[in-house]
file work09.cif (mmCIF, C-alpha atoms and all ligand atoms)
data_structure
loop_
_atom_site.group_PDB
_atom_site.id
_atom_site.type_symbol
_atom_site.label_atom_id
_atom_site.label_comp_id
_atom_site.auth_asym_id
_atom_site.auth_seq_id
_atom_site.Cartn_x
_atom_site.Cartn_y
_atom_site.Cartn_z
ATOM 1 C CA MET A 10 0.000 0.000 0.000
ATOM 2 C CA VAL A 11 1.412 3.379 -0.983
ATOM 3 C CA VAL A 12 1.295 5.874 1.845
ATOM 4 C CA LYS A 13 1.218 9.608 1.826
ATOM 5 C CA ILE A 14 3.202 11.483 4.472
ATOM 6 C CA LYS A 15 2.182 15.005 5.286
ATOM 7 C CA VAL A 16 4.390 16.949 7.683
ATOM 8 C CA LYS A 17 2.627 20.111 8.761
ATOM 9 C CA ASN A 18 4.364 22.982 10.500
ATOM 10 C CA ILE A 19 6.539 20.969 12.824
ATOM 11 C CA SER A 20 8.873 22.632 15.279
ATOM 12 C CA PHE A 21 11.111 21.045 17.886
ATOM 13 C CA SER A 22 13.415 22.362 20.616
ATOM 14 C CA TYR A 23 15.876 20.605 22.909
ATOM 15 C CA GLY A 24 15.352 22.815 25.964
ATOM 16 C CA SER A 25 16.290 26.277 24.756
ATOM 17 C CA ILE A 26 17.925 25.011 21.534
ATOM 18 C CA LYS A 27 15.572 25.406 18.598
ATOM 19 C CA ALA A 28 16.343 22.497 16.283
ATOM 20 C CA LEU A 29 13.412 22.691 13.830
ATOM 21 C CA GLU A 30 11.140 25.555 12.931
ATOM 22 C CA ASN A 31 7.927 25.359 10.905
ATOM 23 C CA VAL A 32 8.921 22.498 8.660
ATOM 24 C CA SER A 33 6.274 21.322 6.180
ATOM 25 C CA PHE A 34 6.367 18.944 3.218
ATOM 26 C CA GLU A 35 4.334 16.239 1.529
ATOM 27 C CA ILE A 36 5.707 13.083 -0.037
ATOM 28 C CA GLU A 37 4.454 9.846 -1.493
ATOM 29 C CA ASN A 38 6.289 6.790 -2.879
ATOM 30 C CA GLU A 39 9.551 8.540 -3.680
ATOM 31 C CA PHE A 40 13.159 8.615 -2.518
ATOM 32 C CA VAL A 41 13.630 11.828 -0.579
ATOM 33 C CA GLY A 42 17.080 12.953 0.510
ATOM 34 C CA ILE A 43 17.583 15.296 3.438
ATOM 35 C CA ILE A 44 20.783 17.294 3.111
ATOM 36 C CA GLY A 45 22.212 20.190 5.080
ATOM 37 C CA PRO A 46 25.246 21.089 7.179
ATOM 38 C CA ASN A 47 26.055 19.531 10.552
ATOM 39 C CA GLY A 48 23.572 20.676 13.166
ATOM 40 C CA SER A 49 20.971 21.840 10.625
ATOM 41 C CA GLY A 50 18.303 19.538 12.105
ATOM 42 C CA LYS A 51 18.406 16.510 9.792
ATOM 43 C CA THR A 52 18.391 13.862 12.527
ATOM 44 C CA THR A 53 15.793 15.796 14.508
ATOM 45 C CA LEU A 54 13.536 15.962 11.444
ATOM 46 C CA LEU A 55 13.876 12.223 10.869
ATOM 47 C CA ASN A 56 13.092 11.434 14.505
ATOM 48 C CA CYS A 57 10.108 13.800 14.547
ATOM 49 C CA THR A 58 8.786 12.229 11.336
ATOM 50 C CA ALA A 59 9.075 8.791 12.971
ATOM 51 C CA GLY A 60 7.231 10.053 16.046
ATOM 52 C CA ILE A 61 10.257 9.229 18.260
ATOM 53 C CA LEU A 62 10.491 12.922 19.166
ATOM 54 C CA LYS A 63 7.172 14.645 19.810
ATOM 55 C CA SER A 64 7.130 17.849 17.797
ATOM 56 C CA ASP A 65 4.683 20.721 17.686
ATOM 57 C CA GLY A 66 2.608 20.545 14.550
ATOM 58 C CA CYS A 67 1.522 17.265 13.030
ATOM 59 C CA ILE A 68 2.665 14.333 10.958
ATOM 60 C CA LEU A 69 -0.069 12.615 9.022
ATOM 61 C CA ILE A 70 0.265 9.210 7.417
ATOM 62 C CA ASN A 71 -2.649 8.722 5.048
ATOM 63 C CA GLY A 72 -4.457 11.372 7.028
ATOM 64 C CA LYS A 73 -3.803 9.802 10.469
ATOM 65 C CA ASP A 74 -1.803 11.779 13.032
ATOM 66 C CA ILE A 75 1.070 9.489 14.118
ATOM 67 C CA ASN A 76 1.316 11.153 17.508
ATOM 68 C CA LYS A 77 -2.177 9.805 18.200
ATOM 69 C CA LEU A 78 -1.477 6.251 17.024
ATOM 70 C CA ASP A 79 0.015 3.640 19.373
ATOM 71 C CA ARG A 80 3.750 2.949 18.964
ATOM 72 C CA LYS A 81 3.241 -0.552 17.595
ATOM 73 C CA LYS A 82 0.978 0.666 14.798
ATOM 74 C CA VAL A 83 3.534 3.339 13.932
ATOM 75 C CA ALA A 84 6.341 0.734 13.954
ATOM 76 C CA LYS A 85 4.425 -1.403 11.450
ATOM 77 C CA GLU A 86 4.225 1.611 9.184
ATOM 78 C CA ILE A 87 7.659 3.210 9.710
ATOM 79 C CA GLY A 88 11.043 1.481 9.799
ATOM 80 C CA ILE A 89 13.953 3.535 11.081
ATOM 81 C CA VAL A 90 17.683 3.043 10.604
ATOM 82 C CA PRO A 91 19.379 5.267 13.188
ATOM 83 C CA GLN A 92 22.760 6.895 12.685
ATOM 84 C CA ILE A 93 24.618 5.180 15.491
ATOM 85 C CA PRO A 94 22.853 1.992 16.520
ATOM 86 C CA ASN A 95 23.142 1.518 20.259
ATOM 87 C CA ILE A 96 23.401 -2.233 20.524
ATOM 88 C CA SER A 97 25.613 -3.435 23.314
ATOM 89 C CA PHE A 98 24.123 -6.907 23.867
ATOM 90 C CA PRO A 99 26.112 -9.764 22.350
ATOM 91 C CA LEU A 100 23.211 -10.976 20.189
ATOM 92 C CA THR A 101 23.671 -12.636 16.826
ATOM 93 C CA VAL A 102 23.016 -10.876 13.543
ATOM 94 C CA PHE A 103 20.026 -13.168 12.942
ATOM 95 C CA ASP A 104 18.534 -12.272 16.358
ATOM 96 C CA ILE A 105 18.820 -8.561 15.602
ATOM 97 C CA VAL A 106 17.242 -8.878 12.159
ATOM 98 C CA LEU A 107 14.456 -11.024 13.591
ATOM 99 C CA MET A 108 13.686 -8.197 16.043
ATOM 100 C CA GLY A 109 12.307 -6.335 13.030
ATOM 101 C CA ARG A 110 9.320 -8.697 13.266
ATOM 102 C CA ASN A 111 8.367 -7.503 16.780
ATOM 103 C CA PRO A 112 5.779 -4.897 15.708
ATOM 104 C CA HIS A 113 3.945 -7.633 13.804
ATOM 105 C CA LYS A 114 3.682 -9.973 16.795
ATOM 106 C CA LYS A 115 1.098 -10.008 19.526
ATOM 107 C CA MET A 116 2.309 -10.143 23.109
ATOM 108 C CA LEU A 117 3.971 -13.531 23.799
ATOM 109 C CA GLU A 118 3.271 -14.684 20.264
ATOM 110 C CA PHE A 119 6.065 -16.951 19.013
ATOM 111 C CA ILE A 120 8.037 -16.317 15.885
ATOM 112 C CA ASN A 121 7.047 -18.652 13.083
ATOM 113 C CA GLU A 122 8.425 -19.965 9.780
ATOM 114 C CA LYS A 123 7.159 -16.880 7.972
ATOM 115 C CA ASP A 124 9.085 -14.536 10.315
ATOM 116 C CA ILE A 125 12.242 -16.606 9.841
ATOM 117 C CA LYS A 126 11.870 -16.501 6.066
ATOM 118 C CA ILE A 127 11.330 -12.728 6.111
ATOM 119 C CA ALA A 128 14.430 -12.254 8.297
ATOM 120 C CA ASN A 129 16.503 -14.499 5.996
ATOM 121 C CA ASP A 130 15.264 -12.631 2.917
ATOM 122 C CA ALA A 131 16.148 -9.289 4.542
ATOM 123 C CA MET A 132 19.695 -10.532 5.271
ATOM 124 C CA LYS A 133 20.027 -11.748 1.676
ATOM 125 C CA ALA A 134 18.789 -8.406 0.323
ATOM 126 C CA VAL A 135 21.653 -6.555 1.998
ATOM 127 C CA GLY A 136 24.177 -9.363 1.465
ATOM 128 C CA ILE A 137 24.825 -10.429 5.055
ATOM 129 C CA GLU A 138 23.532 -14.040 5.097
ATOM 130 C CA HIS A 139 27.075 -15.228 5.817
ATOM 131 C CA LEU A 140 27.103 -13.132 9.008
ATOM 132 C CA ALA A 141 23.860 -14.621 10.414
ATOM 133 C CA ASN A 142 25.494 -16.377 13.366
ATOM 134 C CA ARG A 143 28.115 -13.749 14.142
ATOM 135 C CA THR A 144 27.872 -11.705 17.330
ATOM 136 C CA ILE A 145 26.782 -8.169 16.676
ATOM 137 C CA THR A 146 29.432 -6.620 18.929
ATOM 138 C CA GLU A 147 32.188 -8.158 16.765
ATOM 139 C CA LEU A 148 31.220 -6.575 13.461
ATOM 140 C CA SER A 149 32.780 -3.713 11.531
ATOM 141 C CA GLY A 150 30.881 -0.416 11.264
ATOM 142 C CA GLY A 151 29.836 -1.200 7.689
ATOM 143 C CA GLU A 152 28.640 -4.703 8.542
ATOM 144 C CA LEU A 153 26.667 -3.366 11.510
ATOM 145 C CA GLN A 154 25.062 -0.726 9.296
ATOM 146 C CA LYS A 155 23.850 -3.434 6.926
ATOM 147 C CA VAL A 156 22.438 -5.452 9.842
ATOM 148 C CA ILE A 157 20.384 -2.471 10.988
ATOM 149 C CA ILE A 158 19.102 -1.922 7.447
ATOM 150 C CA ALA A 159 18.155 -5.619 7.258
ATOM 151 C CA ARG A 160 16.296 -5.305 10.583
ATOM 152 C CA ALA A 161 14.299 -2.385 9.167
ATOM 153 C CA LEU A 162 13.537 -4.379 5.989
ATOM 154 C CA ALA A 163 12.322 -7.338 8.085
ATOM 155 C CA GLN A 164 9.841 -4.933 9.626
ATOM 156 C CA GLN A 165 8.286 -4.619 6.120
ATOM 157 C CA PRO A 166 7.414 -0.971 6.639
ATOM 158 C CA ASN A 167 5.623 1.258 4.133
ATOM 159 C CA ILE A 168 7.954 4.086 5.085
ATOM 160 C CA LEU A 169 11.689 3.727 5.632
ATOM 161 C CA LEU A 170 13.677 6.474 7.357
ATOM 162 C CA LEU A 171 17.464 6.247 7.313
ATOM 163 C CA ASP A 172 19.996 8.505 9.004
ATOM 164 C CA GLU A 173 23.231 8.544 6.988
ATOM 165 C CA PRO A 174 22.803 4.893 5.963
ATOM 166 C CA THR A 175 26.049 4.817 4.013
ATOM 167 C CA ALA A 176 28.276 6.666 6.488
ATOM 168 C CA HIS A 177 30.432 3.633 7.302
ATOM 169 C CA LEU A 178 30.477 2.081 3.845
ATOM 170 C CA ASP A 179 33.073 2.187 1.075
ATOM 171 C CA ILE A 180 31.974 3.451 -2.355
ATOM 172 C CA HIS A 181 31.091 -0.039 -3.641
ATOM 173 C CA HIS A 182 28.826 -0.733 -0.679
ATOM 174 C CA GLN A 183 27.394 2.809 -0.736
ATOM 175 C CA ILE A 184 26.184 2.278 -4.300
ATOM 176 C CA GLU A 185 24.963 -1.232 -3.478
ATOM 177 C CA ILE A 186 22.919 -0.103 -0.462
ATOM 178 C CA LEU A 187 21.518 3.036 -2.107
ATOM 179 C CA SER A 188 20.521 0.979 -5.185
ATOM 180 C CA LEU A 189 18.771 -1.486 -2.909
ATOM 181 C CA ILE A 190 16.997 1.357 -1.085
ATOM 182 C CA LYS A 191 15.983 2.906 -4.404
ATOM 183 C CA SER A 192 14.541 -0.391 -5.603
ATOM 184 C CA LEU A 193 12.129 -0.263 -2.640
ATOM 185 C CA ILE A 194 10.381 2.716 -4.247
ATOM 186 C CA GLY A 195 9.147 0.381 -7.020
ATOM 187 C CA LYS A 196 7.587 -1.770 -4.289
ATOM 188 C CA GLY A 197 5.488 1.153 -3.055
ATOM 189 C CA ILE A 198 7.754 2.115 -0.130
ATOM 190 C CA THR A 199 8.444 5.755 0.642
ATOM 191 C CA VAL A 200 12.048 6.450 1.652
ATOM 192 C CA ILE A 201 13.525 9.442 3.449
ATOM 193 C CA ALA A 202 17.283 9.315 3.959
ATOM 194 C CA VAL A 203 19.737 11.784 5.440
ATOM 195 C CA LEU A 204 22.684 11.841 3.051
ATOM 196 C CA HIS A 205 25.929 13.753 3.336
ATOM 197 C CA ASP A 206 27.331 13.114 -0.117
ATOM 198 C CA LEU A 207 25.550 15.569 -2.395
ATOM 199 C CA ASN A 208 26.537 13.725 -5.574
ATOM 200 C CA LEU A 209 25.118 10.470 -4.258
ATOM 201 C CA ALA A 210 21.965 12.330 -3.177
ATOM 202 C CA SER A 211 21.716 13.804 -6.685
ATOM 203 C CA TYR A 212 22.222 10.429 -8.330
ATOM 204 C CA PHE A 213 19.698 8.469 -6.249
ATOM 205 C CA CYS A 214 17.013 10.843 -4.954
ATOM 206 C CA ASP A 215 13.765 11.936 -6.578
ATOM 207 C CA LYS A 216 13.387 14.889 -4.260
ATOM 208 C CA ILE A 217 15.718 16.809 -1.953
ATOM 209 C CA ILE A 218 15.030 18.723 1.242
ATOM 210 C CA LEU A 219 17.862 21.143 1.998
ATOM 211 C CA LEU A 220 17.847 22.137 5.652
ATOM 212 C CA ASN A 221 19.567 25.177 7.063
ATOM 213 C CA LYS A 222 19.442 26.153 10.742
ATOM 214 C CA GLY A 223 16.330 24.084 11.399
ATOM 215 C CA LYS A 224 14.338 25.406 8.460
ATOM 216 C CA ILE A 225 13.696 24.144 4.954
ATOM 217 C CA PHE A 226 15.918 26.290 2.778
ATOM 218 C CA ALA A 227 14.914 24.575 -0.458
ATOM 219 C CA ILE A 228 12.790 21.610 -1.482
ATOM 220 C CA GLY A 229 12.233 20.148 -4.936
ATOM 221 C CA ASN A 230 13.873 17.925 -7.507
ATOM 222 C CA VAL A 231 17.652 17.587 -7.500
ATOM 223 C CA ASN A 232 18.190 20.203 -10.233
ATOM 224 C CA GLU A 233 16.104 22.749 -8.352
ATOM 225 C CA VAL A 234 17.838 22.249 -5.010
ATOM 226 C CA ILE A 235 21.469 21.416 -5.791
ATOM 227 C CA THR A 236 22.519 24.753 -7.275
ATOM 228 C CA PRO A 237 25.724 26.780 -6.757
ATOM 229 C CA ASN A 238 23.743 29.533 -5.030
ATOM 230 C CA ASN A 239 21.963 27.229 -2.605
ATOM 231 C CA ILE A 240 25.191 25.377 -1.778
ATOM 232 C CA TYR A 241 27.046 28.639 -1.240
ATOM 233 C CA THR A 242 24.346 30.145 0.971
ATOM 234 C CA VAL A 243 23.879 27.048 3.127
ATOM 235 C CA TYR A 244 27.335 25.417 3.216
ATOM 236 C CA GLY A 245 29.447 28.531 2.554
ATOM 237 C CA ILE A 246 31.505 26.975 -0.237
ATOM 238 C CA ARG A 247 31.710 27.819 -3.902
ATOM 239 C CA VAL A 248 31.028 24.897 -6.227
ATOM 240 C CA ASP A 249 30.469 24.415 -9.921
ATOM 241 C CA ILE A 250 27.753 22.152 -11.203
ATOM 242 C CA LEU A 251 28.131 19.819 -14.176
ATOM 243 C CA GLN A 252 25.285 17.870 -15.704
ATOM 244 C CA HIS A 253 25.357 14.097 -15.838
ATOM 245 C CA PRO A 254 25.464 13.287 -19.562
ATOM 246 C CA LYS A 255 22.623 10.777 -19.348
ATOM 247 C CA SER A 256 20.387 11.649 -16.412
ATOM 248 C CA LYS A 257 20.999 15.435 -16.659
ATOM 249 C CA LYS A 258 21.236 15.447 -12.876
ATOM 250 C CA PRO A 259 23.683 17.827 -11.183
ATOM 251 C CA ILE A 260 27.219 16.775 -10.281
ATOM 252 C CA ILE A 261 29.168 19.006 -7.920
ATOM 253 C CA ILE A 262 32.782 19.823 -8.653
ATOM 254 C CA PHE A 263 35.141 22.155 -6.864
ATOM 255 C CA PRO A 264 36.522 24.995 -8.945
ATOM 256 C CA GLU A 265 40.314 25.317 -9.347
HETATM 257 P P1 LIG A 301 22.059 17.204 12.115
HETATM 258 O O1 LIG A 301 21.541 15.818 12.131
HETATM 259 O O2 LIG A 301 21.666 17.990 10.908
HETATM 260 O O3 LIG A 301 23.538 17.263 12.317
HETATM 261 P P2 LIG A 301 20.611 17.481 14.624
HETATM 262 O O4 LIG A 301 19.180 17.272 14.295
HETATM 263 O O5 LIG A 301 21.334 16.362 15.261
HETATM 264 O O6 LIG A 301 21.401 18.000 13.333
HETATM 265 O O7 LIG A 301 20.744 18.746 15.588
HETATM 266 C C1 LIG A 301 20.073 19.966 15.381
HETATM 267 C C2 LIG A 301 20.407 20.916 16.514
HETATM 268 O O8 LIG A 301 19.915 20.398 17.737
HETATM 269 C C3 LIG A 301 21.897 21.145 16.720
HETATM 270 O O9 LIG A 301 22.090 22.474 17.113
HETATM 271 C C4 LIG A 301 22.240 20.187 17.840
HETATM 272 O O10 LIG A 301 23.343 20.678 18.583
HETATM 273 C C5 LIG A 301 20.978 20.195 18.661
HETATM 274 N N1 LIG A 301 20.762 18.893 19.333
HETATM 275 C C6 LIG A 301 20.659 17.682 18.748
HETATM 276 N N2 LIG A 301 20.423 16.701 19.652
HETATM 277 C C7 LIG A 301 20.393 17.322 20.850
HETATM 278 C C8 LIG A 301 20.184 16.864 22.178
HETATM 279 N N3 LIG A 301 19.953 15.579 22.469
HETATM 280 N N4 LIG A 301 20.210 17.793 23.159
HETATM 281 C C9 LIG A 301 20.417 19.112 22.893
HETATM 282 N N5 LIG A 301 20.623 19.594 21.670
HETATM 283 C C10 LIG A 301 20.605 18.721 20.648
HETATM 284 MG MG MG A 302 22.475 13.973 12.208
#
call {"tool": "encode", "arguments": {"input": "work09.cif", "output": "structure tokens", "more": "lines below"}}
Ligand code: ADP
Ligand code: MG
result
Amino acid sequence: MVVKIKVKNISFSYGSIKALENVSFEIENEFVGIIGPNGSGKTTLLNCTAGILKSDGCILINGKDINKLDRKKVAKEIGIVPQIPNISFPLTVFDIVLMGRNPHKKMLEFINEKDIKIANDAMKAVGIEHLANRTITELSGGELQKVIIARALAQQPNILLLDEPTAHLDIHHQIEILSLIKSLIGKGITVIAVLHDLNLASYFCDKIILLNKGKIFAIGNVNEVITPNNIYTVYGIRVDILQHPKSKKPIIIFPE
């Protein structure tokens, strides 16, 4: 089922620190990239959209306010891949991925063959089947990142939110994971990912939200948002933009 997310006028403060101010956007079955400098509110926006942080304003999924739904219902709808997973228990990779099934289970309901198959398929999708029995605390950053993505896939959400999902990956694995994430769009899933690499964001995303100091500075397709002026105003660096010969999408280069 394709879902529509409507974020209406959300604001969020950590005590006296204003992290988000009057952010609004609407998306549906597309790959949305959130970009912006450090501290611009990207993680806060992702966590507010997931309902993990309670913001002012509202977030509607197919017209339903997520702050009024119970957490389990929200978890069935929204999968989240956090920036730094805080897993300190020596569980196996398979155990962690299987945890993605929790929102689908009733209290004390046992996992069944179907859950195991879904967890195995999720591990295959991100290429970590061979790690299934390894202990999570003994993995590299990149391997751990893939495990957390597999856990979110096992959740079979309609919306997937990812915070810098490729931060620990080399270029081969960045492309592999972003291609996998992009392929989810064809399955009706809506994806919002915080991305630092503007050229990767340009290559993979349908729409970009450029945040600056907690506000949306620009929103639109990659050619509308990734412009020399926007980059200069928000990041304070001068860049030139080339056009990809095939896709006509912007590619950032640094002038001599
Ligand atoms: P980004 O992900 O774009 O780097 P964040 O959403 O993490 O930005 O942070 C936005 C602002 O909120 C920053 O000024 C940051 O210092 C502040 N902030 C983030 N998390 C906390 C927190 N737990 N307590 C206080 N301030 C925070
Ligand atoms: Mg962040």
call {"tool": "closest_residue", "arguments": {"input": "work09.cif", "among": "A:Pro166, A:Gly197, A:Pro237, A:Gly223", "to": "ligand LIG 301 (chain A)", "atoms": "all atoms listed in the file"}}
result
A:Gly223
call {"tool": "closest_residue", "arguments": {"input": "work09.cif", "among": "A:Lys126, A:Gly50, A:Ala28, A:Lys155", "to": "ligand MG 302 (chain A)", "atoms": "all atoms listed in the file"}}
result
A:Gly50
call {"tool": "closest_residue", "arguments": {"input": "work09.cif", "among": "A:Lys17, A:His181, A:Lys85, A:Lys257", "to": "Leu169 of chain A", "atoms": "only C-alpha atoms"}}
result
A:Lys85
call {"tool": "residues_around", "arguments": {"input": "work09.cif", "residues": "Ile158 of chain A", "least_positions_apart": "6", "cutoff": "12 Å", "atoms": "all atoms listed in the file", "output": "ChimeraX atom specification"}}
result
/A:88-92,94,102,105-109,128,131-137,151-152,164-166,169-175,186-187,189-190,202
call {"tool": "residues_near_point", "arguments": {"input": "work09.cif", "point": "(10.9, 27.2, 11.8)", "cutoff": "10 Å", "atoms": "only C-alpha atoms", "output": "ChimeraX atom specification"}}
result
/A:18-21,27-33,222-225
call {"tool": "closest_residue", "arguments": {"input": "work09.cif", "among": "A:Asp206, A:Gly60, A:Ile127, A:Asn239", "to": "Lys77 of chain A", "atoms": "all atoms listed in the file"}}
result
A:Gly60
